[in-house]
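Shown here: my_file15.txt, compact mmCIF, C-alpha atoms.
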```txt
# COMPACT_ATOMS: atom_id res chain seq x y z
CA MET A 902 4.89 -13.13 -12.13
CA ASN A 903 3.68 -13.12 -15.70
CA GLY A 904 2.70 -9.64 -16.82
CA PRO A 905 1.70 -6.77 -14.53
CA ARG A 906 0.60 -8.30 -11.23
CA PHE A 907 -0.14 -6.08 -8.27
CA VAL A 908 -2.28 -8.50 -6.25
CA ILE A 909 -1.88 -12.27 -5.96
CA GLU A 910 -4.81 -14.02 -4.30
CA ALA A 911 -4.11 -16.21 -1.27
CA THR A 912 -4.83 -19.53 -2.99
CA GLU A 913 -2.56 -18.69 -5.90
CA ALA A 914 0.19 -17.46 -3.58
CA GLU A 915 0.04 -20.68 -1.60
CA SER A 916 0.17 -22.72 -4.78
CA MET A 917 3.19 -20.77 -6.04
CA ALA A 918 5.00 -21.37 -2.75
CA GLN A 919 4.25 -25.09 -2.75
CA GLN A 920 5.39 -25.52 -6.33
CA SER A 921 8.68 -23.85 -5.45
CA ASN A 922 8.97 -25.76 -2.17
CA LEU A 923 9.11 -22.45 -0.30
CA SER A 924 7.22 -20.78 2.50
CA LEU A 925 5.25 -17.64 1.70
CA LEU A 926 7.98 -15.58 3.37
CA GLN A 927 10.62 -17.26 1.24
CA LEU A 928 8.50 -16.63 -1.86
CA LEU A 929 8.39 -12.85 -1.40
CA PRO A 930 12.02 -12.08 -2.36
CA THR A 931 11.71 -14.24 -5.47
CA LEU A 932 9.03 -11.82 -6.74
CA VAL A 933 10.96 -8.61 -6.14
CA LYS A 934 12.81 -8.59 -9.45
CA SER A 935 9.53 -8.90 -11.35
CA ALA A 936 8.16 -6.02 -9.30
CA GLN A 937 11.19 -3.87 -10.17
CA ASP A 938 10.42 -4.36 -13.85
CA LEU A 939 7.06 -2.65 -13.28
CA ALA A 940 8.61 0.49 -11.78
CA ARG A 941 8.61 3.72 -13.80
CA PRO A 942 11.51 5.86 -12.48
CA SER A 943 11.62 8.20 -15.46
CA ILE A 944 13.97 10.66 -13.70
CA SER A 945 16.39 8.59 -11.62
CA ASN A 946 16.18 5.35 -13.61
CA TYR A 947 16.48 3.61 -10.22
CA HIS A 948 13.97 0.76 -10.14
CA VAL A 949 12.57 -0.23 -6.75
CA GLY A 950 10.18 -3.11 -6.13
CA ALA A 951 8.45 -4.13 -2.90
CA VAL A 952 6.40 -7.29 -2.33
CA GLY A 953 4.32 -7.69 0.82
CA LEU A 954 2.44 -10.51 2.55
CA ALA A 955 -0.93 -9.61 4.10
CA SER A 956 -2.46 -11.42 7.06
CA ASP A 957 -5.19 -12.85 4.80
CA GLY A 958 -2.56 -14.65 2.68
CA ARG A 959 -2.63 -12.32 -0.31
CA ILE A 960 0.58 -10.93 -1.79
CA PHE A 961 0.78 -7.30 -2.91
CA THR A 962 3.28 -5.44 -5.07
CA GLY A 963 4.56 -1.87 -4.87
CA VAL A 964 6.87 0.03 -7.24
CA ASN A 965 8.36 3.51 -7.47
CA LEU A 966 6.93 6.05 -9.91
CA GLU A 967 8.46 9.33 -11.08
CA PHE A 968 6.97 12.01 -13.32
CA ILE A 969 9.02 14.13 -15.70
CA GLY A 970 8.15 17.80 -15.40
CA ALA A 971 6.63 17.44 -11.91
CA PRO A 972 8.25 18.30 -8.56
CA LEU A 973 10.16 15.42 -7.00
CA HIS A 974 7.85 15.31 -3.99
CA HIS A 975 5.14 13.97 -6.32
CA SER A 976 7.19 10.80 -6.80
CA VAL A 977 5.75 7.59 -5.38
CA HIS A 978 8.01 5.28 -3.40
CA ALA A 979 7.58 1.51 -3.68
CA GLU A 980 6.66 1.14 0.00
CA GLN A 981 4.01 3.88 -0.31
CA PHE A 982 2.64 2.19 -3.41
CA LEU A 983 2.53 -1.10 -1.48
CA LEU A 984 0.63 0.34 1.49
CA THR A 985 -1.84 2.06 -0.84
CA ASN A 986 -2.36 -1.21 -2.69
CA LEU A 987 -3.21 -2.97 0.58
CA ALA A 988 -5.53 -0.16 1.68
CA VAL A 989 -7.46 -0.09 -1.60
CA HIS A 990 -7.97 -3.86 -1.57
CA GLY A 991 -9.04 -4.04 2.07
CA ALA A 992 -6.08 -6.01 3.39
CA PRO A 993 -6.34 -6.09 7.20
CA ARG A 994 -2.64 -6.14 8.06
CA LEU A 995 0.83 -6.23 6.50
CA LEU A 996 2.97 -8.99 8.05
CA ALA A 997 6.18 -8.83 6.02
CA LEU A 998 7.68 -7.23 2.95
CA ALA A 999 10.69 -7.83 0.74
CA VAL A 1000 12.12 -4.79 -1.00
CA SER A 1001 14.96 -4.34 -3.45
CA ALA A 1002 16.62 -1.49 -1.53
CA ALA A 1003 16.55 -0.21 2.03
CA PRO A 1004 13.48 1.94 2.78
CA CYS A 1005 14.23 5.65 2.99
CA GLY A 1006 13.60 7.62 6.18
CA HIS A 1007 10.18 8.80 5.02
CA CYS A 1008 9.02 5.27 4.23
CA ARG A 1009 10.30 3.91 7.54
CA GLN A 1010 8.35 6.63 9.30
CA PHE A 1011 5.23 6.03 7.20
CA LEU A 1012 5.27 2.32 8.06
CA GLN A 1013 4.84 3.39 11.69
CA GLU A 1014 1.21 4.19 10.85
CA LEU A 1015 0.44 0.45 10.98
CA ARG A 1016 -0.89 -0.80 14.31
CA HIS A 1017 1.63 -3.63 14.62
CA ALA A 1018 4.53 -1.71 13.10
CA ALA A 1019 7.10 -3.11 15.53
CA ASP A 1020 6.28 -6.65 14.36
CA LEU A 1021 6.54 -5.86 10.64
CA GLN A 1022 9.33 -7.96 9.10
CA ILE A 1023 11.45 -6.47 6.29
CA LEU A 1024 13.92 -8.13 3.96
CA ILE A 1025 16.24 -6.11 1.71
CA THR A 1026 17.05 -8.35 -1.22
CA SER A 1027 20.15 -6.40 -2.24
CA ASP A 1028 21.67 -7.24 1.16
CA GLN A 1029 20.94 -10.96 1.16
CA ASP A 1030 24.42 -12.01 0.06
CA GLN A 1031 25.97 -9.88 2.79
CA GLU A 1032 23.78 -11.21 5.58
CA LYS A 1033 24.21 -14.97 5.31
CA ASP A 1034 24.86 -15.21 9.02
CA GLN A 1035 21.57 -13.55 9.94
CA LYS A 1036 19.42 -15.99 11.90
CA PRO A 1037 16.23 -17.27 10.25
CA THR A 1038 12.95 -15.45 10.68
CA LYS A 1039 11.49 -18.50 12.42
CA ASP A 1040 13.97 -17.86 15.26
CA LEU A 1041 12.97 -14.24 15.72
CA GLU A 1042 11.25 -13.96 19.06
CA LYS A 1043 9.11 -11.45 20.82
CA ASP A 1044 8.97 -11.60 24.62
CA GLY A 1045 10.67 -14.97 24.52
CA LYS A 1046 8.14 -16.53 22.14
CA PRO A 1047 8.09 -16.87 18.34
CA THR A 1048 6.17 -14.10 16.64
CA LYS A 1049 2.70 -15.60 16.22
CA ASP A 1050 2.00 -14.42 12.69
CA LEU A 1051 5.34 -15.72 11.41
CA GLU A 1052 5.37 -19.18 12.99
CA LYS A 1053 4.38 -20.89 9.73
CA ASP A 1054 7.62 -20.09 7.94
CA GLY A 1055 8.55 -23.65 7.13
CA LYS A 1056 6.77 -25.86 4.59
CA PRO A 1057 7.12 -29.63 4.34
CA THR A 1058 9.57 -30.66 1.65
CA LYS A 1059 8.98 -33.57 -0.69
CA ASP A 1060 10.69 -35.77 1.89
CA GLY A 1061 8.33 -34.56 4.60
CA GLU A 1062 10.90 -32.33 6.27
CA LYS A 1063 10.78 -28.58 6.61
CA ASP A 1064 12.85 -26.33 4.42
CA ASP A 1065 15.12 -24.57 6.92
CA LYS A 1066 16.61 -22.17 4.40
CA PRO A 1067 17.44 -18.95 6.33
CA ILE A 1068 15.27 -15.93 5.69
CA ASN A 1069 17.03 -12.67 6.46
CA TYR A 1070 14.05 -10.61 7.64
CA LYS A 1071 14.51 -7.93 10.27
CA PRO A 1072 11.83 -6.13 12.30
CA LEU A 1073 11.04 -2.54 11.41
CA ILE A 1074 12.42 -1.40 14.76
CA SER A 1075 15.89 -2.40 13.59
CA PHE A 1076 15.56 0.17 10.78
CA LEU A 1077 13.99 2.81 13.04
CA PRO A 1078 15.32 2.08 16.55
CA TYR A 1079 13.84 5.22 18.17
CA PRO A 1080 10.34 5.25 16.68
CA PHE A 1081 7.81 8.05 16.90
CA GLY A 1082 4.34 7.07 15.80
CA PRO A 1083 0.59 7.24 16.25
CA PHE A 1084 0.58 6.04 19.85
CA ASP A 1085 2.61 9.10 20.82
CA LEU A 1086 -0.25 11.32 19.65
CA LEU A 1087 -3.43 9.24 19.48
CA ASN A 1088 -5.39 6.98 21.81
CA GLU A 1089 -5.48 3.24 21.18
CA GLN A 1090 -9.05 3.33 19.87
CA THR A 1091 -8.25 5.57 16.91
CA PRO A 1092 -8.33 3.61 13.62
CA LEU A 1093 -4.91 3.43 12.00
CA LEU A 1094 -3.81 2.87 8.43
CA LEU A 1095 -5.42 -0.28 6.87
CA GLU A 1096 -8.10 -0.32 9.58
CA HIS A 1097 -11.71 0.19 8.52
CA HIS A 1098 -13.23 3.58 9.25
CA ASN A 1099 -15.59 6.17 7.77
CA ASN A 1100 -14.98 9.87 8.28
CA GLY A 1101 -18.69 10.64 8.10
CA LEU A 1102 -18.64 13.28 5.39
CA GLN A 1103 -21.91 13.71 3.49
CA LEU A 1104 -23.20 15.35 0.34
CA GLN A 1105 -25.61 18.20 0.89
CA ILE A 1106 -27.45 17.74 -2.43
CA GLN A 1107 -30.14 15.08 -2.00
CA ALA A 1108 -30.67 14.48 -5.72
CA LEU A 1109 -27.32 12.78 -6.25
CA PRO A 1110 -27.01 9.01 -6.63
CA THR A 1111 -26.63 7.05 -3.42
CA SER A 1112 -23.55 5.07 -2.43
CA LYS A 1113 -25.47 1.88 -3.28
CA ASN A 1114 -25.51 2.76 -6.96
CA PRO A 1115 -23.46 0.07 -8.79
CA ILE A 1116 -22.05 2.46 -11.40
CA LEU A 1117 -19.75 4.17 -8.92
CA CYS A 1118 -15.97 4.01 -9.24
CA ASN A 1119 -14.03 2.46 -10.40
CA GLY A 1120 -16.67 2.13 -13.10
CA HIS A 1121 -17.74 3.70 -16.40
CA LEU A 1122 -19.79 6.80 -17.07
CA LYS A 1123 -23.41 5.88 -17.79
CA SER A 1124 -26.60 7.88 -17.45
CA HIS A 1125 -25.66 10.25 -14.65
CA GLY A 1126 -23.84 13.54 -15.15
CA LYS A 1127 -20.08 13.68 -14.97
CA ASP A 1128 -20.03 16.09 -12.04
CA GLU A 1129 -22.38 13.95 -9.97
CA LEU A 1130 -20.36 10.80 -10.45
CA LEU A 1131 -17.14 12.58 -9.61
CA GLU A 1132 -18.64 14.17 -6.50
CA ILE A 1133 -19.74 10.77 -5.21
CA ALA A 1134 -16.37 9.20 -5.98
CA ALA A 1135 -14.43 12.06 -4.35
CA LEU A 1136 -16.64 11.85 -1.28
CA GLU A 1137 -16.07 8.10 -1.00
CA ALA A 1138 -12.34 8.71 -1.14
CA ALA A 1139 -12.50 11.45 1.50
CA ASN A 1140 -14.37 9.13 3.84
CA GLU A 1141 -11.58 6.58 3.48
CA SER A 1142 -8.86 9.16 4.13
CA HIS A 1143 -6.45 8.53 7.01
CA ALA A 1144 -6.25 11.95 8.68
CA PRO A 1145 -6.34 11.41 12.47
CA TYR A 1146 -3.87 14.22 13.25
CA SER A 1147 -5.22 17.17 11.27
CA GLY A 1148 -8.86 16.05 11.32
CA CYS A 1149 -9.01 17.23 7.70
CA PRO A 1150 -9.68 14.21 5.47
CA SER A 1151 -9.64 14.77 1.75
CA GLY A 1152 -10.24 12.82 -1.42
CA VAL A 1153 -10.06 13.35 -5.15
CA ALA A 1154 -11.68 11.72 -8.16
CA LEU A 1155 -10.93 12.13 -11.83
CA MET A 1156 -12.28 10.81 -15.09
CA ASP A 1157 -10.32 9.85 -18.20
CA CYS A 1158 -11.35 10.29 -21.81
CA GLU A 1159 -13.20 6.97 -21.83
CA GLY A 1160 -15.31 7.71 -18.76
CA GLU A 1161 -13.27 5.63 -16.33
CA ILE A 1162 -13.23 7.09 -12.81
CA TYR A 1163 -10.28 6.93 -10.41
CA LYS A 1164 -10.20 8.12 -6.83
CA GLY A 1165 -7.50 8.87 -4.29
CA PHE A 1166 -7.42 9.81 -0.61
CA TYR A 1167 -5.06 11.63 1.73
CA MET A 1168 -2.97 9.62 4.23
CA GLU A 1169 -1.17 11.26 7.16
CA SER A 1170 1.88 10.33 9.20
CA ALA A 1171 2.48 11.09 12.87
CA ALA A 1172 5.62 12.97 11.78
CA TYR A 1173 3.39 15.13 9.54
CA ASN A 1174 5.95 15.73 6.79
CA PRO A 1175 5.94 12.27 5.11
CA SER A 1176 2.16 12.33 4.68
CA TRP A 1177 0.85 11.14 1.30
CA GLY A 1178 -1.35 13.50 -0.65
CA ARG A 1179 -4.56 12.50 -2.38
CA CYS A 1180 -3.12 13.41 -5.80
CA ARG A 1181 -0.19 10.97 -5.51
CA ARG A 1182 -2.64 8.31 -4.36
CA ARG A 1183 -4.72 9.12 -7.45
CA TRP A 1184 -1.73 8.94 -9.84
CA TRP A 1185 -0.97 5.50 -8.38
CA ARG A 1186 -4.38 4.29 -9.48
CA THR A 1187 -4.34 5.82 -12.94
CA TRP A 1188 -0.91 4.40 -13.74
CA GLN A 1189 -1.95 0.78 -13.19
CA PRO A 1190 -2.77 -1.38 -16.21
CA GLY A 1191 -6.22 -0.76 -17.65
CA ALA A 1192 -6.25 3.01 -17.21
CA ALA A 1193 -7.32 4.53 -20.51
CA ALA A 1194 -4.70 6.69 -22.24
CA GLY A 1195 -2.73 7.09 -19.03
CA THR A 1196 -2.32 10.59 -17.61
CA ARG A 1197 -2.73 12.14 -21.06
CA GLY A 1198 -6.42 11.27 -21.11
CA LEU A 1199 -7.36 12.94 -17.83
CA TRP A 1200 -9.76 15.79 -18.24
CA LEU A 1201 -12.11 16.23 -15.31
CA GLU A 1202 -11.70 16.01 -11.57
CA CYS A 1203 -13.48 16.78 -8.32
CA TRP A 1204 -12.02 16.80 -4.83
CA TRP A 1205 -13.24 17.04 -1.27
CA ARG A 1206 -11.51 18.54 1.73
CA GLY A 1207 -12.93 18.57 5.21
CA LYS A 1208 -16.68 18.98 4.84
CA GLY A 1209 -16.95 20.81 1.55
CA ARG A 1210 -16.61 20.23 -2.18
CA ARG A 1211 -13.87 22.13 -4.02
```

Could I get this file's structure written as structure tokens?
Amino acid sequence: MNGPRFVIEATEAESMAQQSNLSLLQLLPTLVKSAQDLARPSISNYHVGAVGLASDGRIFTGVNLEFIGAPLHHSVHAEQFLLTNLAVHGAPRLLALAVSAAPCGHCRQFLQELRHAADLQILITSDQDQEKDQKPTKDLEKDGKPTKDLEKDGKPTKDGEKDDKPINYKPLISFLPYPFGPFDLLNEQTPLLLEHHNNGLQLQIQALPTSKNPILCNGHLKSHGKDELLEIAALEAANESHAPYSGCPSGVALMDCEGEIYKGFYMESAAYNPSWGRCRRRWWRTWQPGAAAGTRGLWLECWWRGKGRR
């Protein structure tokens, strides 16, 4: 990847794979090193990169972020960054991810919030040399049949034959063999992470701009007051929050010194503890390229919790 790339559109991803004579699954680990270069581990200096393939063909990147002077629990793990990236861009499902190091316990648990978590395929690039005997992903089966979403793992070579290069992906269940997740606590109709939903929170002040107003985040401050824009943005974030266990969705919005608005929403885990707060979700957005003055330019914020503005 040339320069900071956090989303690769499906057509470009397909073109990159064809030019390299690789499948999309084989392409993912080749992008991990570039993702690691985007990480900002200012405390540990341990760079982690994760690259994921969505069901719509897009490729997403996640990196770890650490903040000097802040508690360690405010750090962002690459897998959390990746899932947030998918959620923000409306990706319907994560099929596979390649990551530079094994996911920690919290991230393994957080991945359980996906509806098809058991089918999620994970490749740890640092282990590739040690797992040469691992059978190819195309041979992984579920109930005696190839996993449907991963059947297209071979691409015709220039000679018209498929590239049978082994891909050492493993299902998430191999990293978390005794899973506890949403289906232990929720019914099957409850929307899970990455699934569209609206928490139904509303503003009580009728004079505010409507959600159809095109100047809303992530946009620039124009004619409306700062507080009004931030209230709308924070409300939008709260309505996107994944909080099926506590029933307490929350969102936050902030504005930098150039009037750019960023929003973040709370995401819960069935295990409760590795939930992801709205502020970490917000820092993820402000760190990305294009954010004016970085965190030093932040000066105004508004956040929503439950059914009230704070």

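Taking atom CA of Ile960 of chain A and atom CA of Phe982 of chain A as endpoints, the distance between them is 13.4 Å.
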
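The gap separating atom CA of Leu1094 of chain A from atom CA of Leu932 of chain A is 24.7 Å, in Å to one decimal.
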
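Remark: for Ser1142 of chain A, the closest of the candidate residues A:Glu1096, A:Glu910, A:Asp1028, A:Asp1085 is A:Glu1096 (distances computed over all atoms listed in the file).
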
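The nearest approach to His1143 of chain A among the residues A:Gly1101, A:Gly1160, A:Gly1082, A:Pro1092, with all atoms listed in the file taken into account, belongs to A:Pro1092.
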
For Leu928 of chain A, list every protein, DNA or RNA residue within 9 Å, evaluated using only C-alpha atoms, and leave out those in the same chain fewer than 3 positions away; present the list as a VMD selection string.
chain A and resid 914 917 to 918 921 923 to 925 931 to 932

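Atom CA of Glu967 of chain A to atom CA of Ala1019 of chain A spans 29.4 Å [interatomic distance, one decimal].
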